[in-house]
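As provided, model08.txt (compact mmCIF, C-alpha atoms) reads as follows.
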# COMPACT_ATOMS: atom_id res chain seq x y z
CA GLY P 1 97.01 87.15 107.30
CA LEU P 2 99.74 86.81 104.74
CA LEU P 3 98.16 83.82 103.02
CA VAL P 4 94.44 83.75 102.35
CA PHE P 5 92.58 80.46 102.73
CA PRO P 6 88.79 80.13 102.44
CA GLY P 7 87.24 79.43 105.85
CA LEU P 8 90.53 79.91 107.70
CA SER P 9 91.73 83.16 109.15
CA PHE P 10 94.56 83.98 111.49
CA PRO P 11 93.94 86.18 114.52
CA THR P 12 95.08 89.78 114.36
CA LEU P 13 97.75 90.03 117.01
CA GLY P 14 98.74 93.65 116.34
CA THR P 15 96.16 95.12 118.70
CA HIS P 16 97.07 92.84 121.64
CA TRP P 17 99.82 93.08 124.25
CA PRO P 18 102.78 93.55 123.76
CA LEU P 19 102.45 94.64 120.11
CA ARG P 20 99.91 97.36 120.90
CA ASP P 21 102.13 98.85 123.64
CA ILE P 22 105.21 98.78 121.42
CA THR P 23 103.25 100.50 118.64
CA THR P 24 101.99 103.19 121.01
CA TRP P 25 105.54 103.75 122.32
CA TRP P 26 106.95 103.90 118.75
CA ALA P 27 104.25 106.44 117.78
CA GLY P 28 105.43 108.58 120.70
CA VAL P 29 109.05 108.31 119.53
CA LEU P 30 107.98 109.40 116.03
CA ARG P 31 105.71 112.10 117.50
CA VAL P 32 102.69 110.85 115.57
CA GLU P 33 99.81 113.18 116.31
CA SER P 34 97.09 111.29 114.43
CA PRO P 35 94.78 109.20 116.62
CA LEU P 36 95.92 105.57 116.81
CA ALA P 37 92.62 104.02 115.73
CA THR P 38 92.47 100.26 115.24
CA THR P 39 88.86 100.08 114.10
CA GLY P 40 87.12 101.01 110.89
CA ASN P 41 86.65 99.60 107.42
CA SER P 42 90.35 99.47 106.65
CA GLY P 43 93.77 98.83 108.14
CA ASP P 44 94.95 102.11 106.64
CA THR P 45 95.18 103.92 109.95
CA ALA P 46 98.04 105.64 111.71
CA PHE P 47 98.19 102.74 114.19
CA TYR P 48 98.89 100.13 111.50
CA TRP P 49 101.28 102.39 109.56
CA VAL P 50 103.32 102.95 112.75
CA GLN P 51 103.19 99.24 113.54
CA THR P 52 104.35 98.32 110.06
CA GLY P 53 107.21 100.82 110.42
CA TRP P 54 108.60 99.39 113.65
CA LEU P 55 108.17 95.81 112.41
CA LEU P 56 110.16 96.74 109.29
CA VAL P 57 112.92 98.29 111.42
CA LEU P 58 112.97 95.20 113.65
CA ALA P 59 113.16 92.87 110.63
CA VAL P 60 116.09 94.83 109.16
CA VAL P 61 117.97 94.76 112.48
CA ILE P 62 117.40 91.01 112.99
CA THR P 63 118.43 90.31 109.40
CA GLY P 64 121.58 92.38 109.81
CA VAL P 65 122.56 90.66 113.07
CA TRP P 66 121.82 87.19 111.68
CA SER P 67 123.75 87.91 108.49
CA GLU P 68 126.75 89.15 110.48
CA LEU P 69 126.78 86.23 112.91
CA ASP P 70 126.30 83.57 110.25
CA ARG P 71 127.99 85.06 107.20
CA ARG P 72 129.85 81.89 106.17
CA ARG P 73 126.75 79.72 105.67
CA GLU P 74 124.79 79.66 102.47
CA TYR P 75 121.08 79.07 102.54
CA THR P 76 120.47 78.18 98.90
CA ALA P 77 117.55 75.80 99.48
CA LEU P 78 116.02 78.05 102.15
CA HIS P 79 116.32 81.02 99.79
CA ARG P 80 114.45 79.16 97.04
CA TRP P 81 111.65 78.14 99.44
CA PHE P 82 111.45 81.65 100.87
CA ARG P 83 111.12 83.16 97.38
CA LEU P 84 108.36 80.64 96.56
CA PHE P 85 106.54 81.52 99.80
CA VAL P 86 106.80 85.26 99.11
CA ARG P 87 105.57 84.78 95.53
CA PHE P 88 102.52 82.80 96.63
CA ALA P 89 101.78 85.09 99.60
CA LEU P 90 101.88 88.15 97.32
CA ALA P 91 99.82 86.35 94.66
CA ALA P 92 97.20 85.42 97.30
CA GLN P 93 96.87 89.06 98.37
CA MET P 94 96.72 90.24 94.75
CA PHE P 95 93.93 87.72 94.03
CA TYR P 96 92.07 88.62 97.24
CA TYR P 97 92.04 92.38 96.73
CA GLY P 98 91.91 92.16 92.95
CA MET P 99 88.78 90.01 92.91
CA ALA P 100 87.17 92.32 95.49
CA LYS P 101 87.56 95.04 92.87
CA VAL P 102 86.75 92.99 89.73
CA ILE P 103 83.50 91.99 91.43
CA PRO P 104 83.09 95.48 92.89
CA THR P 105 82.62 94.73 96.57
CA GLN P 106 85.67 96.36 98.20
CA PHE P 107 84.43 99.90 97.53
CA PRO P 108 80.63 99.97 97.63
CA SER P 109 78.66 102.58 95.73
CA PRO P 110 78.22 105.68 97.88
CA SER P 111 75.04 105.77 99.92
CA LEU P 112 72.49 108.55 99.58
CA VAL P 113 73.64 109.90 102.95
CA THR P 114 77.22 110.14 101.68
CA LEU P 115 76.13 111.77 98.43
CA LEU P 116 74.16 114.41 100.36
CA GLU P 117 77.09 115.15 102.68
CA PRO P 118 79.01 118.34 101.76
CA ALA P 119 82.43 117.36 100.36
CA GLY P 120 84.14 119.53 102.96
CA ASN P 121 82.70 117.37 105.75
CA LEU P 122 84.17 114.12 104.38
CA THR P 123 87.49 112.82 105.64
CA LEU P 124 90.16 112.14 103.02
CA SER P 125 89.59 108.41 103.52
CA ASP P 126 85.82 108.80 103.03
CA MET P 127 86.46 110.91 99.92
CA LEU P 128 88.71 108.18 98.47
CA TRP P 129 86.21 105.40 99.18
CA THR P 130 83.38 107.50 97.72
CA PHE P 131 85.36 108.26 94.56
CA ILE P 132 86.37 104.67 93.90
CA GLY P 133 82.93 103.33 94.87
CA ALA P 134 81.33 105.77 92.41
CA SER P 135 83.79 104.85 89.66
CA THR P 136 83.04 101.19 88.98
CA ALA P 137 85.12 101.17 85.78
CA TYR P 138 88.21 102.40 87.66
CA GLN P 139 87.65 99.88 90.45
CA VAL P 140 87.33 96.97 88.00
CA PHE P 141 90.37 98.14 86.00
CA ALA P 142 92.49 98.27 89.18
CA GLY P 143 91.20 94.82 90.13
CA ILE P 144 92.10 93.34 86.74
CA ALA P 145 95.64 94.71 87.09
CA GLU P 146 95.95 93.12 90.56
CA VAL P 147 94.57 89.76 89.41
CA ALA P 148 96.90 89.79 86.38
CA ALA P 149 99.87 90.33 88.70
CA GLY P 150 98.68 87.41 90.85
CA VAL P 151 98.36 85.07 87.85
CA LEU P 152 101.83 86.01 86.60
CA LEU P 153 103.34 85.52 90.07
CA VAL P 154 102.07 81.93 90.28
CA LEU P 155 103.84 80.87 87.08
CA PRO P 156 107.64 80.57 87.52
CA GLN P 157 108.35 81.79 83.97
CA THR P 158 106.41 85.04 84.47
CA ALA P 159 107.03 85.67 88.18
CA SER P 160 109.39 88.61 87.56
CA LEU P 161 106.85 90.34 85.31
CA GLY P 162 104.13 89.63 87.88
CA ALA P 163 106.30 91.17 90.61
CA LEU P 164 106.83 94.31 88.52
CA ILE P 165 103.11 94.67 87.84
CA ALA P 166 102.36 94.05 91.54
CA LEU P 167 104.92 96.73 92.43
CA ALA P 168 103.20 99.22 90.11
CA ASP P 169 99.79 98.25 91.53
CA MET P 170 100.96 98.65 95.11
CA ILE P 171 102.67 101.98 94.45
CA GLN P 172 99.35 103.24 93.10
CA VAL P 173 97.51 101.90 96.19
CA LEU P 174 100.10 103.49 98.49
CA ALA P 175 99.78 106.82 96.66
CA LEU P 176 95.99 106.73 97.07
CA ASN P 177 96.23 105.75 100.75
CA VAL P 178 98.73 108.40 101.81
CA SER P 179 97.14 111.13 99.70
Produce structure tokens that represent the structure in this file.
Amino acid sequence: GLLVFPGLSFPTLGTHWPLRDITTWWAGVLRVESPLATTGNSGDTAFYWVQTGWLLVLAVVITGVWSELDRRREYTALHRWFRLFVRFALAAQMFYYGMAKVIPTQFPSPSLVTLLEPAGNLTLSDMLWTFIGASTAYQVFAGIAEVAAGVLLVLPQTASLGALIALADMIQVLALNVS
């Protein structure tokens, strides 16, 4: 979900019809050879990356058509509310993932089985989770940066700085995920 509320979660619709079929079709168009897994400990799979890609393309197309058809209207109030929603949605995610790192629960310490596994047998994802789980100081530091961005996003006077810090945080997360 975009907004995080304690005790309330929204269903994941991405794996259900028709979104799953569209994602599978789009993966074929892009010639994605990775397995389209929807399970695991993370949404960082080829399935969700492909799904995010086609949703982004669809959003750009809809925005372009809407803007062209309704170019004389101004949505000043709607723009302000939309910016507020985006700020709070991003802040909620920054708090959620940031606190899961400050209180190191997102990346658990590697198990004995993982530590005994030859490094060559680990997937890149397992290697990343093992590294961050073994480096509590790095995990907490990354979490503090994410929480700081969330705090700054909530306050109107510091929202731009919070957005810049969140951008830097998310570029670092993206670099880790795709590497």
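Distance annotation: of P:Trp129, P:Phe141, P:Phe88, P:Phe95, the residue with the minimal separation from Val154 of chain P is P:Phe88; atom set is only C-alpha atoms.
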Query raised in the report: Which is closer to Thr136 of chain P than all the others in P:Gly120, P:Thr23, P:Lys101, P:Ser111, using only C-alpha atoms?
Result: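 When distances to Thr136 of chain P are compared using only C-alpha atoms, the smallest one comes from P:Lys101.
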In file coordinates, which residues lie within 12 Å of (95.7, 111.0, 114.8) using all atoms listed in the file, given as a CSV table (one decimal) with C-alpha atoms, in the frame of the given file?
chain,number,residue,atom,x,y,z
P,24,THR,CA,102.0,103.2,121.0
P,27,ALA,CA,104.2,106.4,117.8
P,28,GLY,CA,105.4,108.6,120.7
P,31,ARG,CA,105.7,112.1,117.5
P,32,VAL,CA,102.7,110.8,115.6
P,33,GLU,CA,99.8,113.2,116.3
P,34,SER,CA,97.1,111.3,114.4
P,35,PRO,CA,94.8,109.2,116.6
P,36,LEU,CA,95.9,105.6,116.8
P,37,ALA,CA,92.6,104.0,115.7
P,38,THR,CA,92.5,100.3,115.2
P,45,THR,CA,95.2,103.9,110.0
P,46,ALA,CA,98.0,105.6,111.7
P,47,PHE,CA,98.2,102.7,114.2
P,48,TYR,CA,98.9,100.1,111.5
P,49,TRP,CA,101.3,102.4,109.6
P,50,VAL,CA,103.3,103.0,112.8
Requested in this report: Tell me, as a ChimeraX atom specification, which residues lie within 7 Å of segment 163-167 of chain P, counting all atoms listed in the file; anything in the same chain fewer than 6 positions away does not count.
Outcome: /P:146,149,153
Requested in this report: Could you jot down the atom CA of Asp126 of chain P to atom CA of Thr114 of chain P separation for me, Å, one decimal place?
Outcome: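 Between atom CA of Asp126 of chain P and atom CA of Thr114 of chain P the gap is 8.8 Å.
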Query raised in the report: Expressed in Å to a single decimal, how great is the separation between atom CA of Asp21 of chain P and atom CA of Leu55 of chain P?
Result: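 Rounded to one decimal, the two atoms are 13.1 Å apart.
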Report task. Grab the atom CA of Ala175 of chain P to atom CA of Leu128 of chain P distance for me, in Å with one decimal place. Result -> 11.3 Å
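With all atoms listed in the file as the atoms that count, the minimum distance from Val151 of chain P to the choices P:Gly98, P:Ser135, P:Ile22, P:Ser179 is reached by P:Gly98.
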Query - Top pick for closest residue to Gln106 of chain P, considering P:Gly14, P:Gly143, P:Pro118, P:Gly162 and counting all atoms listed in the file - result: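 Looking only at the distances to Gln106 of chain P, the closest residue turns out to be P:Gly143.
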Requested in this report: Pick out the closest residue to Pro6 of chain P from this set: P:Tyr96, P:Pro110, P:Ala119, P:Ala142. Count all atoms listed in the file.
Outcome: P:Tyr96
Query - Distance criterion (all atoms listed in the file): nearest to Gly150 of chain P out of P:Thr123, P:Thr130, P:Gln172, P:Gln93 - result: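 Distance minimum relative to Gly150 of chain P lands on P:Gln93.
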